[in-house]
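S.K.: Here you go, model.cif (mmCIF, C-alpha atoms and all ligand atoms; chains and numbers go by the auth columns):
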```cif
data_data
loop_
_atom_site.group_PDB
_atom_site.id
_atom_site.type_symbol
_atom_site.label_atom_id
_atom_site.label_comp_id
_atom_site.label_asym_id
_atom_site.label_seq_id
_atom_site.Cartn_x
_atom_site.Cartn_y
_atom_site.Cartn_z
_atom_site.B_iso_or_equiv
_atom_site.auth_seq_id
_atom_site.auth_asym_id
ATOM 1 C CA MET A 1 -28.486 -10.481 -1.348 0.00 1 A
ATOM 2 C CA PRO A 2 -29.871 -7.575 -3.395 0.00 2 A
ATOM 3 C CA GLY A 3 -27.515 -4.680 -4.031 0.00 3 A
ATOM 4 C CA ARG A 4 -24.438 -6.699 -3.217 0.00 4 A
ATOM 5 C CA LYS A 5 -21.704 -6.685 -5.782 0.00 5 A
ATOM 6 C CA LEU A 6 -20.570 -10.023 -7.170 0.00 6 A
ATOM 7 C CA ILE A 7 -17.119 -11.046 -6.096 0.00 7 A
ATOM 8 C CA VAL A 8 -15.048 -10.691 -9.238 0.00 8 A
ATOM 9 C CA ALA A 9 -11.479 -9.655 -9.924 0.00 9 A
ATOM 10 C CA CYS A 10 -10.693 -5.964 -9.524 0.00 10 A
ATOM 11 C CA THR A 11 -10.990 -4.187 -12.875 0.00 11 A
ATOM 12 C CA ALA A 12 -8.410 -1.803 -14.321 0.00 12 A
ATOM 13 C CA LYS A 13 -10.819 1.081 -13.708 0.00 13 A
ATOM 14 C CA GLU A 14 -11.251 0.097 -10.053 0.00 14 A
ATOM 15 C CA TRP A 15 -7.473 -0.286 -9.673 0.00 15 A
ATOM 16 C CA ARG A 16 -6.946 3.237 -11.067 0.00 16 A
ATOM 17 C CA ALA A 17 -9.574 4.620 -8.678 0.00 17 A
ATOM 18 C CA LEU A 18 -7.878 2.913 -5.724 0.00 18 A
ATOM 19 C CA GLN A 19 -4.531 4.436 -6.724 0.00 19 A
ATOM 20 C CA ASP A 20 -6.135 7.888 -7.010 0.00 20 A
ATOM 21 C CA LYS A 21 -7.702 7.484 -3.574 0.00 21 A
ATOM 22 C CA ALA A 22 -4.425 6.314 -2.050 0.00 22 A
ATOM 23 C CA ARG A 23 -2.476 9.264 -3.489 0.00 23 A
ATOM 24 C CA ALA A 24 -5.148 11.718 -2.368 0.00 24 A
ATOM 25 C CA THR A 25 -5.494 10.420 1.170 0.00 25 A
ATOM 26 C CA VAL A 26 -2.216 8.883 2.358 0.00 26 A
ATOM 27 C CA ALA A 27 1.003 10.914 2.482 0.00 27 A
ATOM 28 C CA PRO A 28 4.017 8.850 1.411 0.00 28 A
ATOM 29 C CA PRO A 29 7.107 8.713 3.620 0.00 29 A
ATOM 30 C CA ASP A 30 9.029 12.033 3.525 0.00 30 A
ATOM 31 C CA SER A 31 11.120 12.405 0.341 0.00 31 A
ATOM 32 C CA TYR A 32 9.322 9.491 -1.321 0.00 32 A
ATOM 33 C CA SER A 33 6.513 9.259 -3.855 0.00 33 A
ATOM 34 C CA TRP A 34 4.035 6.415 -4.107 0.00 34 A
ATOM 35 C CA ARG A 35 4.451 4.037 -7.001 0.00 35 A
ATOM 36 C CA PHE A 36 1.757 1.397 -7.440 0.00 36 A
ATOM 37 C CA VAL A 37 2.370 -1.761 -9.449 0.00 37 A
ATOM 38 C CA TRP A 38 -0.267 -4.305 -10.432 0.00 38 A
ATOM 39 C CA SER A 39 1.333 -7.706 -10.928 0.00 39 A
ATOM 40 C CA ALA A 40 -0.089 -10.979 -12.180 0.00 40 A
ATOM 41 C CA ALA A 41 3.175 -12.755 -11.334 0.00 41 A
ATOM 42 C CA ILE A 42 3.257 -12.316 -7.574 0.00 42 A
ATOM 43 C CA LEU A 43 -0.029 -14.165 -7.036 0.00 43 A
ATOM 44 C CA ARG A 44 1.454 -17.190 -8.803 0.00 44 A
ATOM 45 C CA GLU A 45 4.416 -16.859 -6.463 0.00 45 A
ATOM 46 C CA GLY A 46 2.057 -16.922 -3.485 0.00 46 A
ATOM 47 C CA ASP A 47 2.027 -13.249 -2.507 0.00 47 A
ATOM 48 C CA PHE A 48 -0.919 -10.845 -2.397 0.00 48 A
ATOM 49 C CA GLY A 49 1.331 -7.831 -2.090 0.00 49 A
ATOM 50 C CA ARG A 50 4.849 -6.549 -1.631 0.00 50 A
ATOM 51 C CA ALA A 51 6.355 -3.294 -0.441 0.00 51 A
ATOM 52 C CA ARG A 52 9.751 -1.703 -0.704 0.00 52 A
ATOM 53 C CA LEU A 53 11.414 1.665 -0.566 0.00 53 A
ATOM 54 C CA SER A 54 13.840 2.612 -3.309 0.00 54 A
ATOM 55 C CA PRO A 55 16.397 3.606 -2.181 0.00 55 A
ATOM 56 C CA THR A 56 16.030 1.637 1.000 0.00 56 A
ATOM 57 C CA SER A 57 17.808 4.134 3.209 0.00 57 A
ATOM 58 C CA GLN A 58 15.806 6.736 5.060 0.00 58 A
ATOM 59 C CA GLU A 59 17.500 9.450 3.022 0.00 59 A
ATOM 60 C CA PRO A 60 17.094 9.361 -0.755 0.00 60 A
ATOM 61 C CA GLU A 61 19.764 11.202 -2.713 0.00 61 A
ATOM 62 C CA PRO A 62 19.587 14.951 -2.069 0.00 62 A
ATOM 63 C CA GLY A 63 17.186 16.639 -4.459 0.00 63 A
ATOM 64 C CA LYS A 64 15.751 13.341 -5.669 0.00 64 A
ATOM 65 C CA ARG A 65 12.563 11.750 -4.470 0.00 65 A
ATOM 66 C CA GLY A 66 12.662 8.063 -3.730 0.00 66 A
ATOM 67 C CA GLN A 67 9.852 5.691 -4.556 0.00 67 A
ATOM 68 C CA ALA A 68 7.679 3.861 -2.071 0.00 68 A
ATOM 69 C CA ILE A 69 6.771 0.919 -4.280 0.00 69 A
ATOM 70 C CA VAL A 70 3.571 -0.950 -3.496 0.00 70 A
ATOM 71 C CA THR A 71 2.949 -4.054 -5.583 0.00 71 A
ATOM 72 C CA VAL A 72 -0.487 -5.667 -5.467 0.00 72 A
ATOM 73 C CA ALA A 73 -1.456 -8.984 -7.036 0.00 73 A
ATOM 74 C CA ARG A 74 -3.662 -8.750 -10.086 0.00 74 A
ATOM 75 C CA GLY A 75 -6.624 -11.102 -9.830 0.00 75 A
ATOM 76 C CA LEU A 76 -7.818 -10.251 -6.321 0.00 76 A
ATOM 77 C CA ALA A 77 -11.312 -8.897 -5.714 0.00 77 A
ATOM 78 C CA GLU A 78 -11.560 -5.107 -5.368 0.00 78 A
ATOM 79 C CA ASP A 79 -11.963 -5.170 -1.569 0.00 79 A
ATOM 80 C CA HIS A 80 -9.031 -7.522 -1.198 0.00 80 A
ATOM 81 C CA THR A 81 -6.979 -5.308 -3.531 0.00 81 A
ATOM 82 C CA GLU A 82 -7.691 -2.311 -1.305 0.00 82 A
ATOM 83 C CA GLU A 83 -6.855 -4.215 1.903 0.00 83 A
ATOM 84 C CA THR A 84 -3.600 -5.385 0.353 0.00 84 A
ATOM 85 C CA MET A 85 -2.717 -1.836 -0.719 0.00 85 A
ATOM 86 C CA ILE A 86 -3.365 -0.617 2.814 0.00 86 A
ATOM 87 C CA HIS A 87 -1.171 -3.367 4.240 0.00 87 A
ATOM 88 C CA GLU A 88 1.727 -2.706 1.872 0.00 88 A
ATOM 89 C CA MET A 89 1.505 1.094 2.223 0.00 89 A
ATOM 90 C CA ALA A 90 1.748 0.567 5.978 0.00 90 A
ATOM 91 C CA HIS A 91 4.943 -1.450 5.422 0.00 91 A
ATOM 92 C CA CYS A 92 6.406 1.481 3.443 0.00 92 A
ATOM 93 C CA LEU A 93 5.573 3.942 6.215 0.00 93 A
ATOM 94 C CA ASP A 94 6.778 1.524 8.893 0.00 94 A
ATOM 95 C CA SER A 95 10.132 0.760 7.294 0.00 95 A
ATOM 96 C CA TRP A 96 10.756 4.443 6.678 0.00 96 A
ATOM 97 C CA ALA A 97 10.178 5.213 10.339 0.00 97 A
ATOM 98 C CA HIS A 98 12.270 2.363 11.703 0.00 98 A
ATOM 99 C CA ALA A 99 15.622 0.857 10.926 0.00 99 A
ATOM 100 C CA ALA A 100 15.662 -2.533 9.240 0.00 100 A
ATOM 101 C CA GLY A 101 15.793 -5.664 11.340 0.00 101 A
ATOM 102 C CA ARG A 102 12.554 -5.308 13.268 0.00 102 A
ATOM 103 C CA GLY A 103 9.775 -7.835 13.153 0.00 103 A
ATOM 104 C CA ASP A 104 7.628 -7.538 10.061 0.00 104 A
ATOM 105 C CA HIS A 105 4.325 -7.015 11.841 0.00 105 A
ATOM 106 C CA ASP A 106 5.229 -5.447 15.158 0.00 106 A
ATOM 107 C CA SER A 107 3.100 -2.974 17.082 0.00 107 A
ATOM 108 C CA HIS A 108 4.489 -0.002 15.133 0.00 108 A
ATOM 109 C CA PHE A 109 3.503 -1.660 11.858 0.00 109 A
ATOM 110 C CA TRP A 110 -0.078 -2.004 13.080 0.00 110 A
ATOM 111 C CA LEU A 111 -0.190 1.671 14.072 0.00 111 A
ATOM 112 C CA CYS A 112 0.899 2.532 10.521 0.00 112 A
ATOM 113 C CA TYR A 113 -1.754 0.125 9.218 0.00 113 A
ATOM 114 C CA GLY A 114 -4.409 1.858 11.284 0.00 114 A
ATOM 115 C CA ALA A 115 -3.411 5.301 10.014 0.00 115 A
ATOM 116 C CA VAL A 116 -3.496 4.175 6.374 0.00 116 A
ATOM 117 C CA TRP A 117 -6.751 2.269 6.868 0.00 117 A
ATOM 118 C CA ARG A 118 -8.431 5.284 8.443 0.00 118 A
ATOM 119 C CA ALA A 119 -7.261 7.588 5.637 0.00 119 A
ATOM 120 C CA MET A 120 -8.317 5.209 2.858 0.00 120 A
ATOM 121 C CA LYS A 121 -11.688 4.450 4.425 0.00 121 A
ATOM 122 C CA GLY A 122 -12.442 8.112 4.998 0.00 122 A
ATOM 123 C CA ALA A 123 -12.927 7.626 8.706 0.00 123 A
ATOM 124 C CA GLY A 124 -11.411 11.033 9.417 0.00 124 A
ATOM 125 C CA THR A 125 -8.347 11.916 11.422 0.00 125 A
ATOM 126 C CA GLY A 126 -9.903 12.816 14.762 0.00 126 A
HETATM 127 ZN ZN ZN B . 2.969 -7.639 5.905 0.00 201 B
#
```
Is it possible to give me this structure as structure tokens?

M.R.:
Amino acid sequence: MPGRKLIVACTAKEWRALQDKARATVAPPDSYSWRFVWSAAILREGDFGRARLSPTSQEPEPGKRGQAIVTVARGLAEDHTEETMIHEMAHCLDSWAHAAGRGDHDSHFWLCYGAVWRAMKGAGTG
């Protein structure tokens, strides 16, 4: 199909651009900053992505920003890398908003996913 990009692994340049877009378009949980990690190891372990807040509590130490850490497997295609980022960013926003112990992918998670997806895809906020 003419004009269609070959499916190849996301390049370092594309990964940097995705991080820039994520920082510019998606606000992290209050008192947290985004930290993006590209990992070759997690794909071998069977994961496309992982998310965690550090510290895990909803209140980082006073005066200190916590980190919302999004890890994405290195070796995925660019589109898949972006989808995985969106998914894991939604987990960060979801676990900030809710206490631990909920289902992983409950209805609130999918609302967070939708908000991140819309921001990343430039679909506007209306
Ligand atoms: Zn998930």

S.K.: Residues within 9 Å of ligand ZN 201 (chain B) (only C-alpha atoms and all ligand atoms), as an mmCIF file with C-alpha atoms, in the coordinates of the input?

M.R.:
```cif
data_model
loop_
_atom_site.group_PDB
_atom_site.id
_atom_site.type_symbol
_atom_site.label_atom_id
_atom_site.label_comp_id
_atom_site.auth_asym_id
_atom_site.auth_seq_id
_atom_site.Cartn_x
_atom_site.Cartn_y
_atom_site.Cartn_z
ATOM 1 C CA GLY A 49 1.331 -7.831 -2.090
ATOM 2 C CA ARG A 50 4.849 -6.549 -1.631
ATOM 3 C CA ALA A 51 6.355 -3.294 -0.441
ATOM 4 C CA THR A 84 -3.600 -5.385 0.353
ATOM 5 C CA HIS A 87 -1.171 -3.367 4.240
ATOM 6 C CA GLU A 88 1.727 -2.706 1.872
ATOM 7 C CA ALA A 90 1.748 0.567 5.978
ATOM 8 C CA HIS A 91 4.943 -1.450 5.422
ATOM 9 C CA ASP A 104 7.628 -7.538 10.061
ATOM 10 C CA HIS A 105 4.325 -7.015 11.841
ATOM 11 C CA PHE A 109 3.503 -1.660 11.858
#
```

S.K.: Just the number, please: distance in Å from CA of Leu18 in chain A to CA of Ile42 in chain A, one decimal.

M.R.: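 Result for CA of Leu18 in chain A versus CA of Ile42 in chain A: 19.0 Å, one decimal.
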
S.K.: What does the distance between CA of Trp96 in chain A and CA of Pro28 in chain A come to in Å, to one decimal place?

M.R.: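 Rounded to one decimal, the two atoms are 9.6 Å apart.
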
S.K.: Please enumerate the residues selected by the PyMOL selection byres (((chain A and resi 41) around 12) and not hetatm) when evaluated against the supplied file, formatted as a VMD selection string.

M.R.: chain A and resid 37 to 40 42 to 50 71 to 75

S.K.: Find, counting all atoms listed in the file, the residue in A:Trp34, A:Pro2, A:Leu76, A:Ala68 that gets nearest to Trp15 in chain A.

M.R.: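 The shortest atom-to-atom distance to Trp15 in chain A comes from A:Leu76.
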
S.K.: Mind working out the centre and edge lengths of an axis-aligned box for range 2-7 of chain A, all listed atoms inside, 4 Å added to each side, rounded to one decimal in Å and written as JSON?

M.R.:
```
{"center_x": -23.5, "center_y": -7.9, "center_z": -5.2, "size_x": 20.8, "size_y": 14.4, "size_z": 12.0}
```

S.K.: I'd like to know which of A:Thr81, A:Asp94, A:Ile7, A:Arg35 is closest to Ala115 in chain A, using all atoms listed in the file.

M.R.: A:Asp94

S.K.: Step by step, work through what the PyMOL selection byres (((chain A and resi 30) around 9) and not hetatm) selects in the shown file, and finish by giving those residues as a compact mmCIF listing (two decimals) with C-alpha atoms, keeping the file's coordinate frame.

M.R.:
```txt
# COMPACT_ATOMS: atom_id res chain seq x y z
CA ALA A 27 1.00 10.91 2.48
CA PRO A 28 4.02 8.85 1.41
CA PRO A 29 7.11 8.71 3.62
CA SER A 31 11.12 12.40 0.34
CA TYR A 32 9.32 9.49 -1.32
CA SER A 33 6.51 9.26 -3.86
CA GLN A 58 15.81 6.74 5.06
CA GLU A 59 17.50 9.45 3.02
CA ARG A 65 12.56 11.75 -4.47
CA TRP A 96 10.76 4.44 6.68
```

S.K.: Measuring between all atoms listed in the file, which one of A:Arg4, A:Val70, A:Gly63, A:Arg52 shows the shortest distance to Phe36 in chain A?

M.R.: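 Closest candidate: A:Val70.
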
S.K.: For the atom pair CA of Ala9 in chain A and CA of Ala77 in chain A, what is the interatomic distance in Å to one decimal place?

M.R.: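 Result for CA of Ala9 in chain A versus CA of Ala77 in chain A: 4.3 Å, one decimal.
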
S.K.: Go through A:Leu6, A:Leu53, A:Met120, A:Leu93 and flag the residue nearest Gln19 in chain A, using only C-alpha atoms for the distances.

M.R.: A:Met120
